[in-house]
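**Q** I'm passing along target_29.txt; it holds compact mmCIF, C-alpha atoms.
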# COMPACT_ATOMS: atom_id res chain seq x y z
CA MET O 1095 26.96 -167.91 -148.82
CA GLY O 1096 27.38 -167.13 -145.18
CA HIS O 1097 25.26 -165.74 -142.40
CA PRO O 1098 24.34 -162.03 -142.84
CA ILE O 1099 25.57 -161.06 -139.35
CA ALA O 1100 28.95 -162.72 -139.92
CA PHE O 1101 29.24 -161.18 -143.37
CA TYR O 1102 28.42 -157.65 -142.25
CA THR O 1103 30.65 -157.80 -139.16
CA LEU O 1104 33.61 -159.09 -141.15
CA SER O 1105 33.11 -156.65 -144.01
CA PHE O 1106 32.84 -153.75 -141.55
CA LEU O 1107 36.15 -154.82 -139.95
CA CYS O 1108 37.71 -155.23 -143.36
CA VAL O 1109 36.65 -151.81 -144.67
CA ALA O 1110 37.57 -150.12 -141.38
CA GLY O 1111 41.03 -151.70 -141.47
CA ALA O 1112 41.57 -150.69 -145.08
CA LEU O 1113 40.48 -147.11 -144.33
CA GLY O 1114 42.84 -147.16 -141.37
CA VAL O 1115 45.71 -148.10 -143.70
CA VAL O 1116 44.99 -145.27 -146.11
CA LEU O 1117 44.34 -142.62 -143.45
CA ALA O 1118 47.01 -143.52 -140.87
CA ARG O 1119 49.79 -140.94 -140.59
CA HIS O 1120 52.43 -143.30 -139.30
CA PRO O 1121 53.41 -146.35 -141.39
CA VAL O 1122 53.52 -148.64 -138.30
CA TYR O 1123 49.84 -147.95 -137.55
CA ALA O 1124 49.04 -148.52 -141.22
CA VAL O 1125 50.69 -151.94 -141.16
CA LEU O 1126 48.81 -152.92 -137.98
CA ASN O 1127 45.52 -151.79 -139.53
CA LEU O 1128 46.28 -153.91 -142.57
CA VAL O 1129 46.67 -156.94 -140.26
CA THR O 1130 43.10 -156.36 -139.01
CA ALA O 1131 41.78 -156.02 -142.55
CA LEU O 1132 43.52 -159.19 -143.74
CA PHE O 1133 42.29 -161.25 -140.78
CA ALA O 1134 38.71 -160.11 -141.51
CA LEU O 1135 39.25 -160.96 -145.17
CA SER O 1136 40.36 -164.47 -144.28
CA GLY O 1137 37.15 -164.79 -142.22
CA LEU O 1138 35.24 -163.87 -145.38
CA PHE O 1139 37.14 -166.58 -147.27
CA LEU O 1140 35.97 -169.06 -144.62
CA LEU O 1141 32.38 -167.92 -145.19
CA LEU O 1142 32.94 -168.62 -148.88
CA ASN O 1143 33.94 -172.25 -148.16
CA ALA O 1144 37.60 -171.71 -148.94
CA PRO O 1145 39.49 -172.77 -145.78
CA PHE O 1146 42.81 -173.36 -147.59
CA VAL O 1147 42.88 -169.87 -149.08
CA ALA O 1148 41.84 -168.41 -145.71
CA MET O 1149 44.73 -170.16 -143.94
CA ILE O 1150 47.40 -169.19 -146.44
CA GLN O 1151 46.04 -165.64 -146.34
CA ILE O 1152 46.86 -165.55 -142.61
CA LEU O 1153 50.15 -167.46 -142.94
CA ILE O 1154 51.58 -165.62 -145.94
CA TYR O 1155 50.11 -162.15 -145.59
CA ALA O 1156 49.76 -161.60 -141.86
CA GLY O 1157 52.62 -163.93 -140.98
CA ALA O 1158 55.28 -163.19 -143.56
CA VAL O 1159 54.54 -160.17 -145.73
CA LEU O 1160 53.38 -157.82 -142.97
CA VAL O 1161 56.22 -158.82 -140.64
CA LEU O 1162 58.58 -157.91 -143.49
CA PHE O 1163 56.77 -154.58 -143.82
CA LEU O 1164 57.09 -153.92 -140.09
CA PHE O 1165 60.80 -154.73 -140.17
CA VAL O 1166 61.43 -152.32 -143.05
CA VAL O 1167 59.28 -149.56 -141.54
CA MET O 1168 61.14 -149.85 -138.24
CA LEU O 1169 64.55 -150.07 -139.93
CA LEU O 1170 63.90 -146.96 -141.99
CA ASP O 1171 62.49 -144.91 -139.08
CA LEU O 1172 60.25 -142.85 -141.36
CA GLU O 1173 58.74 -139.63 -140.13
CA PRO O 1174 54.95 -139.38 -140.06
CA GLU O 1175 53.80 -138.07 -143.39
CA HIS O 1176 52.28 -134.62 -143.38
CA ILE O 1177 49.05 -135.54 -145.08
CA LEU O 1178 47.37 -132.18 -144.83
CA ARG O 1179 49.77 -130.10 -146.86
CA MET O 1180 48.40 -127.63 -149.38
CA LYS O 1181 49.57 -129.65 -152.35
CA GLY O 1182 48.32 -132.78 -150.62
CA LYS O 1183 44.83 -131.33 -150.36
CA THR O 1184 44.38 -130.91 -154.11
CA LEU O 1185 45.83 -134.36 -154.57
CA GLN O 1186 43.42 -135.84 -152.04
CA LEU O 1187 40.39 -134.11 -153.54
CA THR O 1188 41.23 -135.32 -157.03
CA GLY O 1189 42.00 -138.79 -155.74
CA THR O 1190 38.74 -139.04 -153.80
CA LEU O 1191 36.69 -137.86 -156.78
CA LEU O 1192 38.44 -140.33 -159.07
CA GLY O 1193 37.94 -143.13 -156.53
CA LEU O 1194 34.22 -142.41 -156.12
CA PHE O 1195 33.78 -142.30 -159.90
CA PHE O 1196 35.52 -145.67 -160.16
CA LEU O 1197 33.33 -147.14 -157.39
CA TRP O 1198 30.19 -145.86 -159.13
CA GLN O 1199 31.24 -147.47 -162.39
CA VAL O 1200 32.00 -150.85 -160.79
CA VAL O 1201 28.77 -150.93 -158.76
CA ALA O 1202 26.79 -150.05 -161.90
CA ALA O 1203 28.53 -152.91 -163.71
CA VAL O 1204 27.81 -155.37 -160.87
CA ARG O 1205 24.13 -154.40 -160.90
CA THR O 1206 23.78 -155.37 -164.56
CA LEU O 1207 25.52 -158.70 -163.98
CA ALA O 1208 23.62 -161.72 -165.30
CA PRO O 1209 22.69 -164.12 -162.50
CA ALA O 1210 25.13 -166.99 -162.09
CA ALA O 1211 24.28 -170.60 -162.90
CA LYS O 1212 21.29 -171.65 -160.83
CA ASN O 1213 22.66 -174.72 -159.06
CA PRO O 1214 26.44 -174.90 -159.14
CA GLN O 1215 27.81 -178.01 -157.44
CA PRO O 1216 28.89 -176.95 -153.96
CA ILE O 1217 32.66 -176.91 -153.56
CA THR O 1218 34.90 -176.68 -150.51
CA GLY O 1219 38.43 -175.48 -151.08
CA THR O 1220 40.12 -177.90 -148.69
CA THR O 1221 43.86 -178.50 -148.71
CA GLU O 1222 43.24 -181.88 -150.35
CA ALA O 1223 41.18 -180.49 -153.22
CA ILE O 1224 43.54 -177.56 -153.88
CA GLY O 1225 46.64 -179.76 -153.53
CA ARG O 1226 45.26 -182.32 -155.98
CA LEU O 1227 44.68 -179.60 -158.58
CA LEU O 1228 48.02 -177.97 -157.84
CA PHE O 1229 49.98 -181.09 -158.75
CA THR O 1230 47.91 -182.10 -161.78
CA GLN O 1231 46.22 -179.38 -163.77
CA TYR O 1232 48.24 -176.46 -162.36
CA ALA O 1233 51.64 -178.18 -162.14
CA LEU O 1234 53.34 -175.93 -164.71
CA PRO O 1235 52.16 -172.61 -163.18
CA PHE O 1236 53.23 -173.98 -159.80
CA GLU O 1237 56.78 -174.58 -161.04
CA VAL O 1238 56.89 -171.19 -162.77
CA ALA O 1239 55.78 -169.59 -159.49
CA SER O 1240 58.75 -171.16 -157.71
CA VAL O 1241 61.08 -169.65 -160.32
CA LEU O 1242 59.38 -166.28 -159.75
CA LEU O 1243 60.01 -166.55 -156.01
CA LEU O 1244 63.66 -167.41 -156.67
CA VAL O 1245 63.96 -164.32 -158.88
CA GLY O 1246 62.35 -162.29 -156.08
CA VAL O 1247 64.83 -163.56 -153.50
CA ILE O 1248 67.84 -162.86 -155.73
CA GLY O 1249 66.45 -159.45 -156.65
CA ALA O 1250 65.98 -158.52 -153.00
CA VAL O 1251 69.52 -159.62 -152.10
CA VAL O 1252 71.05 -157.68 -154.99
CA LEU O 1253 68.98 -154.54 -154.39
CA ALA O 1254 69.58 -154.46 -150.64
CA LYS O 1255 73.36 -154.64 -150.96
CA LYS O 1256 75.28 -151.71 -149.52
CA LYS O 1257 76.73 -150.70 -152.86
CA LEU O 1258 74.76 -151.33 -156.02
CA MET V 972 20.48 -163.69 -147.81
CA ILE V 973 24.02 -162.85 -148.85
CA THR V 974 24.57 -163.21 -152.58
CA LEU V 975 27.50 -162.96 -154.96
CA ASN V 976 26.73 -159.28 -155.53
CA HIS V 977 27.33 -158.46 -151.85
CA TYR V 978 30.84 -159.86 -152.10
CA LEU V 979 31.48 -158.11 -155.41
CA ILE V 980 30.41 -154.74 -154.02
CA LEU V 981 32.53 -155.25 -150.89
CA SER V 982 35.43 -156.08 -153.18
CA ALA V 983 34.78 -152.90 -155.21
CA VAL V 984 34.74 -150.81 -152.02
CA LEU V 985 38.05 -152.34 -150.87
CA PHE V 986 39.57 -151.79 -154.31
CA THR V 987 38.49 -148.15 -154.25
CA ILE V 988 40.06 -147.63 -150.82
CA GLY V 989 43.30 -149.15 -152.06
CA LEU V 990 43.22 -147.03 -155.21
CA LEU V 991 42.74 -143.92 -153.07
CA GLY V 992 45.77 -144.93 -151.06
CA VAL V 993 47.93 -145.40 -154.13
CA VAL V 994 46.82 -142.07 -155.61
CA THR V 995 46.91 -139.86 -152.51
CA ARG V 996 49.74 -141.18 -150.33
CA ARG V 997 53.26 -140.22 -151.35
CA ASN V 998 55.33 -142.39 -149.05
CA VAL V 999 56.75 -145.39 -150.96
CA ILE V 1000 55.92 -147.81 -148.11
CA MET V 1001 52.33 -146.55 -147.96
CA ILE V 1002 51.94 -147.03 -151.71
CA LEU V 1003 53.13 -150.64 -151.37
CA LEU V 1004 50.68 -151.24 -148.48
CA SER V 1005 47.83 -149.85 -150.57
CA LEU V 1006 48.84 -152.19 -153.39
CA GLU V 1007 48.34 -155.07 -150.95
CA ILE V 1008 44.76 -153.87 -150.38
CA LEU V 1009 44.19 -153.80 -154.15
CA LEU V 1010 45.43 -157.38 -154.53
CA SER V 1011 43.30 -158.57 -151.60
CA ALA V 1012 40.18 -156.95 -153.06
CA ALA V 1013 40.77 -158.77 -156.34
CA SER V 1014 41.32 -162.03 -154.42
CA LEU V 1015 37.99 -161.61 -152.64
CA SER V 1016 36.05 -161.33 -155.88
CA LEU V 1017 37.94 -164.31 -157.34
CA VAL V 1018 37.01 -166.51 -154.39
CA ALA V 1019 33.40 -165.26 -154.51
CA PHE V 1020 33.15 -166.16 -158.20
CA SER V 1021 34.76 -169.54 -157.48
CA MET V 1022 32.00 -170.23 -154.94
CA ALA V 1023 29.18 -168.94 -157.17
CA LEU V 1024 30.25 -170.92 -160.23
CA GLY V 1025 31.31 -174.10 -158.41
CA ASP V 1026 34.78 -174.00 -159.96
CA TYR V 1027 38.17 -174.22 -158.25
CA ALA V 1028 39.89 -171.99 -160.82
CA GLY V 1029 39.21 -168.83 -158.80
CA GLN V 1030 40.81 -170.22 -155.64
CA MET V 1031 43.83 -171.44 -157.61
CA THR V 1032 44.25 -167.97 -159.08
CA VAL V 1033 44.20 -166.48 -155.57
CA PHE V 1034 46.97 -168.89 -154.59
CA PHE V 1035 49.14 -167.63 -157.47
CA VAL V 1036 48.20 -164.00 -156.77
CA MET V 1037 49.58 -164.46 -153.24
CA ILE V 1038 52.86 -165.84 -154.59
CA VAL V 1039 53.20 -162.91 -156.97
CA ALA V 1040 52.34 -160.50 -154.12
CA ALA V 1041 55.06 -162.02 -151.93
CA ALA V 1042 57.66 -161.62 -154.71
CA GLU V 1043 56.46 -158.08 -155.41
CA VAL V 1044 56.73 -157.10 -151.75
CA THR V 1045 60.27 -158.43 -151.33
CA VAL V 1046 61.56 -156.59 -154.39
CA GLY V 1047 59.47 -153.47 -153.69
CA LEU V 1048 60.70 -153.19 -150.11
CA ALA V 1049 64.29 -153.75 -151.23
CA ILE V 1050 63.88 -150.87 -153.69
CA ALA V 1051 62.36 -148.68 -150.96
CA LEU V 1052 65.26 -149.55 -148.66
CA GLY V 1053 67.73 -148.66 -151.40
CA LEU V 1054 65.96 -145.38 -152.13
CA VAL V 1055 66.08 -144.26 -148.51
CA ARG V 1056 69.67 -145.40 -148.04
CA GLN V 1057 71.11 -144.00 -151.25
CA ALA V 1058 69.00 -140.91 -151.85
CA GLY V 1059 67.61 -140.34 -148.36
CA LYS V 1060 64.05 -139.90 -149.53
CA ALA V 1061 60.95 -142.05 -149.21
CA ASN V 1062 58.62 -139.63 -150.99
CA ALA V 1063 57.58 -140.88 -154.40
CA ASP V 1064 57.29 -137.33 -155.74
CA GLU V 1065 60.92 -136.52 -154.98
CA VAL V 1066 62.25 -139.56 -156.80
CA ARG V 1067 62.56 -138.30 -160.32
CA ASP V 1068 66.06 -139.32 -161.34
CA LEU V 1069 64.69 -141.18 -164.35
CA LYS V 1070 62.67 -138.17 -165.48
CA TRP V 1071 64.43 -136.44 -168.34
The structure given in the file should be rewritten as structure tokens.
**A**
Amino acid sequence: MGHPIAFYTLSFLCVAGALGVVLARHPVYAVLNLVTALFALSGLFLLLNAPFVAMIQILIYAGAVLVLFLFVVMLLDLEPEHILRMKGKTLQLTGTLLGLFFLWQVVAAVRTLAPAAKNPQPITGTTEAIGRLLFTQYALPFEVASVLLLVGVIGAVVLAKKKL
Amino acid sequence: MITLNHYLILSAVLFTIGLLGVVTRRNVIMILLSLEILLSAASLSLVAFSMALGDYAGQMTVFFVMIVAAAEVTVGLAIALGLVRQAGKANADEVRDLKW
């Protein structure tokens, strides 16, 4: 499941980018950090033999979603958030404790996980394989997803109008 | 040797970071960005399970998660835009018009 050096490099980049998002004071830096994290994540998808998912991760997330984020952040001209306010400190302490407790629980759960099937048939998530499934077994969810996107577009147009 | 558990723990770490972002940041845009980290962490464990079990279902689910994320971001950013334009505030704590 991937070379150790590649895995550790990519996961370091990914975690560093995610931390950069959470800790950045200015939203523009946060968005740029998220680009790093998502590129590293798509590298991890490649290590997991899922080239199609890796490519749409870059195309949809880094290409479309984050550009949208950057546009909105620059349109709004937000001030840097004052993270280290008094009230913020209590909030951060509680949040960090809660987060560490959650992490401990999940890691404990992963450790007790039963080992997966010994010899699964190796799969490669190529465009052909995913596309074949998408138009046979997953045809109905695919159509429903297009309706969801239409609802999203209409919702965005209605919400962004000058006068609601 | 990198196993499934390595990917699951990495996914848990990413999910925790995203959760911290949602809980501690108060800017609406930052909360939406942290939600993206949460979704990506879940996607990573789905793809890892897909690889470990030799089943395409995990990768298909990631595909649909991305579609839902795109729809969520468009509507979420439109709401953020409306909040700043109409009420002039991007801080989630100050938006309490629905609170009775």
**Q** If you measure from atom CA of Phe1139 of chain O to atom CA of Thr1103 of chain O, what distance in Å do you get, rounded to one decimal?
**A**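 It comes out at 13.6 Å.
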**Q** Considering only C-alpha atoms, state which residue in the set O:Val1204, O:Leu1253, O:Leu1107, O:Leu1242 is at the smallest distance from Asn976 of chain V.
**A** O:Val1204
**Q** Specify as a PyMOL selection string all residues of chain O found within 6 Å of chain V, counting all atoms listed in the file.
**A** chain O and resi 1095+1116+1185-1186+1189+1193+1214-1217+1243+1246+1250+1253-1254
**Q** Compare O:Val1166, O:Thr1220, O:Ala1100, O:Thr1188 by their minimum atom-to-atom distance to Asn1143 of chain O, counting all atoms listed in the file, and give me the closest one.
**A**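 Using all atoms listed in the file, the shortest distance to Asn1143 of chain O belongs to O:Thr1220.
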**Q** Atom CA of Leu1164 of chain O and atom CA of Ala1124 of chain O are how many Å apart?
**A**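 Taking atom CA of Leu1164 of chain O as the start and atom CA of Ala1124 of chain O as the end point, the length is 9.8 Å.
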**Q** Given only C-alpha atoms as the basis, pick out the residue of O:Ala1144, O:Val1245, O:Leu1170, O:Val1129 nearest to Ala1156 of chain O.
**A**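 Between O:Ala1144, O:Val1245, O:Leu1170, O:Val1129, the residue approaching Ala1156 of chain O most closely is O:Val1129.
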**Q** I'd like the interatomic distance between atom CA of Tyr1232 of chain O and atom CA of Leu1244 of chain O, to a tenth of an Å.
**A**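 We find that atom CA of Tyr1232 of chain O and atom CA of Leu1244 of chain O lie 18.8 Å from each other.
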**Q** Measuring between only C-alpha atoms, which one of O:Leu1160, O:Val1109, O:Leu1153, O:Leu1104 shows the shortest distance to Tyr1123 of chain O?
**A**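 Among the listed residues, O:Leu1160 lies closest to Tyr1123 of chain O.
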